[in-house]
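A.B. asks: Contents of final_1.cif (mmCIF, C-alpha atoms):
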data_query
#
loop_
_atom_site.label_atom_id
_atom_site.label_comp_id
_atom_site.auth_asym_id
_atom_site.auth_seq_id
_atom_site.Cartn_x
_atom_site.Cartn_y
_atom_site.Cartn_z
CA MET A 1 126.95 -3.88 21.02
CA GLU A 2 126.12 -0.24 20.46
CA THR A 3 128.28 0.83 23.39
CA LEU A 4 131.45 -0.73 21.95
CA TYR A 5 132.26 2.68 20.41
CA ILE A 6 133.61 3.67 23.82
CA ILE A 7 136.35 0.99 23.86
CA PRO A 8 138.89 2.77 21.56
CA ILE A 9 138.70 6.07 23.46
CA LEU A 10 138.80 4.19 26.76
CA LEU A 11 142.03 2.38 25.86
CA PHE A 12 143.59 5.58 24.55
CA SER A 13 142.58 7.53 27.66
CA VAL A 14 143.98 5.07 30.21
CA VAL A 15 147.20 4.78 28.19
CA VAL A 16 147.65 8.58 28.07
CA HIS A 17 146.94 8.69 31.82
CA GLU A 18 149.81 6.27 32.54
CA VAL A 19 152.21 7.75 29.99
CA MET A 20 151.79 11.18 31.57
CA HIS A 21 152.66 9.72 34.99
CA GLY A 22 155.87 8.33 33.51
CA TYR A 23 156.70 11.46 31.51
CA VAL A 24 156.37 13.81 34.49
CA ALA A 25 158.33 11.34 36.63
CA LEU A 26 161.11 11.52 34.01
CA LYS A 27 161.07 15.32 34.18
CA CYS A 28 161.30 15.04 37.97
CA GLY A 29 164.41 12.87 37.76
CA ASP A 30 163.07 9.30 37.58
CA PRO A 31 163.81 7.53 34.25
CA THR A 32 162.35 4.17 35.33
CA ALA A 33 159.32 4.30 33.01
CA LYS A 34 161.51 5.37 30.09
CA TYR A 35 163.97 2.52 30.61
CA MET A 36 161.06 0.05 30.88
CA GLY A 37 159.67 1.19 27.51
CA ARG A 38 156.49 2.62 28.99
CA LEU A 39 156.69 6.16 27.55
CA THR A 40 154.80 5.15 24.43
CA LEU A 41 151.22 5.51 23.19
CA ASN A 42 151.39 1.95 21.87
CA PRO A 43 148.70 0.34 24.07
CA VAL A 44 150.33 -3.13 24.17
CA PRO A 45 152.88 -2.44 26.96
CA HIS A 46 150.20 -0.69 29.03
CA ILE A 47 147.28 -3.10 28.76
CA ASP A 48 146.26 -4.84 31.95
CA LEU A 49 144.24 -7.93 30.99
CA PHE A 50 141.97 -7.54 34.00
CA GLY A 51 141.62 -3.76 34.30
CA SER A 52 141.83 -2.75 30.62
CA ILE A 53 139.80 -5.53 28.99
CA LEU A 54 137.88 -7.92 31.27
CA VAL A 55 136.46 -5.39 33.74
CA PRO A 56 135.29 -2.88 31.07
CA LEU A 57 133.76 -5.65 28.91
CA PHE A 58 132.02 -7.20 31.93
CA SER A 59 130.71 -3.77 32.87
CA LEU A 60 129.40 -3.21 29.34
CA LEU A 61 127.74 -6.63 29.19
CA VAL A 62 126.11 -6.37 32.61
CA ALA A 63 125.28 -2.69 32.91
CA GLY A 64 125.68 -1.30 29.41
CA ARG A 65 128.33 1.23 30.50
CA VAL A 66 131.92 1.39 31.74
CA PHE A 67 132.18 2.13 35.46
CA ILE A 68 135.87 1.52 36.04
CA ALA A 69 138.97 0.68 34.01
CA TRP A 70 142.70 1.04 34.36
CA ALA A 71 145.96 0.38 32.54
CA LYS A 72 149.04 -1.30 33.95
CA PRO A 73 150.63 1.29 36.29
CA VAL A 74 153.91 2.70 35.01
CA PRO A 75 156.91 1.81 37.19
CA ILE A 76 158.06 4.81 39.22
CA ASN A 77 160.88 5.08 41.76
CA PRO A 78 160.22 8.18 43.89
CA LEU A 79 163.71 7.88 45.41
CA ASN A 80 164.95 9.42 42.14
CA PHE A 81 162.80 12.52 42.52
CA LYS A 82 164.56 15.85 42.95
CA ASN A 83 162.02 16.92 45.56
CA TYR A 84 160.24 13.88 47.00
CA LYS A 85 156.97 15.41 48.24
CA ARG A 86 156.53 18.02 45.51
CA ASP A 87 157.37 15.63 42.68
CA SER A 88 155.18 12.87 44.13
CA ILE A 89 152.24 15.27 44.03
CA LEU A 90 153.02 16.39 40.47
CA VAL A 91 153.41 12.83 39.15
CA SER A 92 150.18 11.71 40.84
CA ALA A 93 148.12 14.75 39.80
CA VAL A 94 149.08 14.70 36.12
CA GLY A 95 147.11 11.49 35.45
CA PRO A 96 143.67 12.90 36.37
CA VAL A 97 144.59 16.26 34.83
CA SER A 98 145.42 14.49 31.55
CA ASN A 99 141.95 12.92 31.57
CA LEU A 100 140.30 16.31 32.02
CA PHE A 101 142.42 17.68 29.17
CA LEU A 102 141.36 14.73 27.00
CA ALA A 103 137.73 15.56 27.80
CA LEU A 104 138.33 19.02 26.29
CA CYS A 105 140.04 17.46 23.27
CA CYS A 106 137.04 15.17 22.76
CA ALA A 107 134.72 18.18 22.96
CA PHE A 108 136.78 19.94 20.29
CA ALA A 109 136.55 16.82 18.08
CA VAL A 110 132.75 16.73 18.56
CA ILE A 111 132.49 20.41 17.57
CA VAL A 112 134.53 19.82 14.40
CA LEU A 113 132.60 16.69 13.44
CA LEU A 114 129.16 18.22 14.01
CA ASN A 115 130.11 21.25 11.94
CA LEU A 116 131.22 18.93 9.13
CA GLU A 117 128.03 16.84 9.16
CA GLY A 118 126.93 18.19 5.77
CA PHE A 119 130.31 17.33 4.26
CA PHE A 120 130.10 13.72 5.46
CA ASN A 121 126.47 13.39 4.32
CA SER A 122 127.47 14.55 0.83
CA PHE A 123 129.24 11.21 0.26
CA LYS A 124 125.86 9.43 0.39
CA SER A 125 127.67 6.32 1.59
CA GLU A 126 126.46 3.97 4.31
CA PHE A 127 130.03 3.25 5.38
CA VAL A 128 130.93 6.96 5.66
CA GLY A 129 127.67 7.57 7.52
CA PHE A 130 128.42 4.73 9.95
CA ALA A 131 132.00 5.94 10.47
CA TYR A 132 130.79 9.49 11.08
CA GLU A 133 128.17 8.37 13.62
CA PHE A 134 130.73 6.11 15.33
CA LEU A 135 133.24 8.96 15.69
CA VAL A 136 130.66 11.40 17.05
CA LYS A 137 129.47 8.86 19.63
CA MET A 138 133.05 7.89 20.52
CA PHE A 139 134.26 11.45 21.12
CA TYR A 140 131.05 12.54 22.82
CA GLY A 141 131.25 9.51 25.11
CA GLY A 142 134.95 10.31 25.60
CA ILE A 143 134.03 13.63 27.21
CA TYR A 144 132.11 11.99 30.04
CA LEU A 145 134.39 8.97 30.22
CA ASN A 146 137.46 11.12 30.80
CA ILE A 147 135.72 13.36 33.33
CA VAL A 148 134.63 10.27 35.25
CA LEU A 149 138.15 8.80 35.07
CA GLY A 150 139.69 12.08 36.21
CA VAL A 151 137.33 12.60 39.13
CA PHE A 152 137.44 8.92 40.10
CA ASN A 153 141.23 8.87 40.25
CA LEU A 154 141.23 11.93 42.52
CA ILE A 155 139.33 10.04 45.23
CA PRO A 156 141.84 10.04 48.14
CA ILE A 157 141.74 6.30 48.81
CA PRO A 158 144.64 3.95 47.91
CA PRO A 159 145.62 2.97 45.30
CA LEU A 160 144.05 5.88 43.38
CA ASP A 161 146.06 8.96 42.44
CA GLY A 162 144.23 11.10 44.96
CA SER A 163 145.62 8.92 47.75
CA HIS A 164 149.20 9.56 46.58
CA ILE A 165 148.54 13.30 46.59
CA LEU A 166 147.08 13.15 50.10
CA GLY A 167 149.81 10.76 51.27
CA SER A 168 152.47 13.23 50.16
CA LEU A 169 150.82 15.97 52.22
CA LEU A 170 150.52 13.92 55.41
CA PRO A 171 153.25 13.63 58.07
CA ASP A 172 155.64 10.78 57.24
CA ARG A 173 154.46 8.26 59.87
CA LEU A 174 150.79 8.85 59.13
CA SER A 175 151.46 8.73 55.40
CA GLU A 176 153.19 5.35 55.71
CA SER A 177 150.25 3.84 57.62
CA TYR A 178 147.78 5.36 55.15
CA ARG A 179 149.56 3.94 52.10
CA GLN A 180 149.51 0.43 53.59
CA ILE A 181 145.82 0.19 52.68
CA GLY A 182 147.16 -0.54 49.20
CA PHE A 183 145.01 -2.23 46.57
CA PHE A 184 142.43 -3.26 49.18
CA GLY A 185 141.30 0.35 49.05
CA ILE A 186 139.60 -0.35 45.74
CA PHE A 187 136.99 -2.39 47.61
CA ILE A 188 136.37 0.64 49.84
CA VAL A 189 135.86 2.75 46.72
CA ILE A 190 133.46 0.22 45.19
CA PHE A 191 131.48 0.19 48.45
CA LEU A 192 131.38 3.99 48.58
CA MET A 193 130.15 4.20 44.99
CA ARG A 194 127.15 2.15 46.08
CA VAL A 195 126.39 4.58 48.91
CA PRO A 196 123.74 7.01 47.54
CA ALA A 197 125.17 10.11 49.24
CA PHE A 198 128.71 9.45 47.96
CA SER A 199 127.52 8.46 44.48
CA HIS A 200 125.38 11.60 44.29
CA LEU A 201 128.34 13.78 45.28
CA PHE A 202 130.61 12.03 42.77
CA PHE A 203 128.27 12.47 39.81
CA SER A 204 127.40 16.02 40.89
CA ILE A 205 131.09 16.87 40.50
CA VAL A 206 131.16 15.11 37.12
CA ARG A 207 128.12 17.10 35.94
CA ALA A 208 129.60 20.35 37.25
CA ILE A 209 132.73 19.79 35.15
CA ALA A 210 130.74 18.60 32.11
CA SER A 211 128.31 21.56 32.10
CA PRO A 212 130.73 24.22 30.75
CA ILE A 213 131.98 21.73 28.15
CA GLU A 214 128.40 21.08 27.02
CA PHE A 215 127.88 24.85 26.86
CA LEU A 216 131.00 25.19 24.71
CA ILE A 217 129.69 22.58 22.28
CA ASN A 218 126.29 24.29 22.06
CA VAL A 219 127.93 27.65 21.35
CA PHE A 220 130.06 26.44 18.46
CA VAL A 221 127.67 23.98 16.82
#
What would you get if you wrote out this structure as structure tokens?
C.D. replies:
Amino acid sequence: METLYIIPILLFSVVVHEVMHGYVALKCGDPTAKYMGRLTLNPVPHIDLFGSILVPLFSLLVAGRVFIAWAKPVPINPLNFKNYKRDSILVSAVGPVSNLFLALCCAFAVIVLLNLEGFFNSFKSEFVGFAYEFLVKMFYGGIYLNIVLGVFNLIPIPPLDGSHILGSLLPDRLSESYRQIGFFGIFIVIFLMRVPAFSHLFFSIVRAIASPIEFLINVFV
């Protein structure tokens, strides 16, 4: 399938997302992810059969695009944090922030590749031409993929990162009740994404973030 070019950058992006959760948790005093061998870019320890492979492939087969994907969450023990509320917010926020940073990295890769188009064409090789086209599509798709992942994970509904940020800001009793929604919250999110008003707002935010990145590419290419 033509859209399979997105799979490598998808796997890399969700792995970076989880590794950054674990890394910041370590800096905040919790070594759980480190001891469990999860502070690695090797995708094997992070792959969730359902969320990293089956759901994205099903989405590609049915709709031709990836709507949602996730890696196996890194183990974190917030009781080890130096400052529970502050560190909970930092650990939760770094995942989506890492995706937005990766979107910028993908844009930089696109700029470099497009400026080197003549160099790659000089090889007059079908394989080099295919590899070049694959990389351009992968990194260009990675821009939007990572923006979508970043914005999606900031939705304040459990179990997404945005819910952990909001939960850390709420009073303790209210926060405890809110977090009990747990994984069932993903069904709420799926329902909301099918509501036109919510979907429009979501993709408006995605486009608003993507616009300056597109402008940057146009300036330097």
A.B. asks: With only C-alpha atoms as the basis for distance, which of A:Ser52, A:Thr40, A:Gln180, A:Asn80 is at the shortest distance from A:Cys28?
C.D. replies: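 For A:Cys28, the nearest of the given residues is A:Asn80.
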A.B. asks: Where does the PyMOL selection byres ((chain A and resi 213) around 10) land in this file, that is, which residues does it pick, as a VMD selection string?
C.D. replies: chain A and resid 103 to 104 106 to 108 143 to 144 207 to 212 214 to 219
A.B. asks: Give as number ranges by chain the residues that the PyMOL selection byres ((chain A and resi 186) around 12) matches when applied to the coordinates above.
C.D. replies: A: 68-70, 152-153, 155-161, 163, 181-185, 187-193
A.B. asks: How many Å lie between atom CA of A:Leu154 and atom CA of A:Tyr35, rounded to one decimal?
C.D. replies: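 Distance between the two atoms: 27.3 Å.
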A.B. asks: Identify, on the basis of all atoms listed in the file, every residue whose closest approach to A:Phe119 does not exceed 12 Å; exclude the query and any residue fewer than 5 positions from it along the same chain; express the result as a PyMOL selection string.
C.D. replies: chain A and resi 112-114+124-125+128-129+132
A.B. asks: Enclose all atoms of stretch 153-170 of chain A listed in the file in an axis-aligned box, grow every side by 6 Å, and hand back centre and edge lengths in Å to one decimal, as AutoDock Vina command-line options.
C.D. replies:
--center_x 145.9 --center_y 9.5 --center_z 47.8 --size_x 25.1 --size_y 25.0 --size_z 27.2
A.B. asks: At what distance in Å, to one decimal, does atom CA of A:Pro73 lie from atom CA of A:Ser92?
C.D. replies: 11.4 Å
A.B. asks: Which one of A:Glu126, A:Asp48, A:Glu117, A:Asp30 sits closest to A:Ile76 if you count only C-alpha atoms?
C.D. replies: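 Of A:Glu126, A:Asp48, A:Glu117, A:Asp30, the one nearest A:Ile76 is A:Asp30, counting only C-alpha atoms.
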A.B. asks: Report as a ChimeraX atom specification all protein, DNA and RNA residues lying within 10 Å of A:Ser175, evaluated on all atoms listed in the file, omitting residues in the same chain fewer than 6 positions from it.
C.D. replies: /A:163-164,166-169
A.B. asks: Neighbouring residues of A:Val94 were defined as those with any atom within 7 Å, considering all atoms listed in the file; residues of the same chain fewer than 4 positions away were excluded. Please report them as a list in words.
C.D. replies: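 My list of contacting residues is Met20, His21, Leu90 and Ser98 of chain A.
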A.B. asks: Can you tell me which residues surround A:Ile6 at a distance of at most 8 Å, considering only C-alpha atoms, apart from same-chain residues fewer than 2 positions away, and format the answer as a list in words?
C.D. replies: Thr3, Leu4, Pro8, Ile9, Leu10, Lys137, Met138, Gly141 and Gly142 of chain A
A.B. asks: Ranking A:Pro171, A:Gly150, A:Gly51, A:Gly95 by minimum distance to A:Tyr23 and counting all atoms listed in the file, which one comes first?
C.D. replies: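 Looking only at the distances to A:Tyr23, the closest residue turns out to be A:Gly95.
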A.B. asks: Using all atoms listed in the file, can you tell me which of A:Leu39, A:Leu102, A:Ile47, A:Val24 comes closest to A:Pro78?
C.D. replies: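 Closest to A:Pro78 of all the choices is A:Val24.
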A.B. asks: One number please: atom CA of A:Val14 to atom CA of A:Val151, in Å, one decimal.
C.D. replies: 13.4 Å
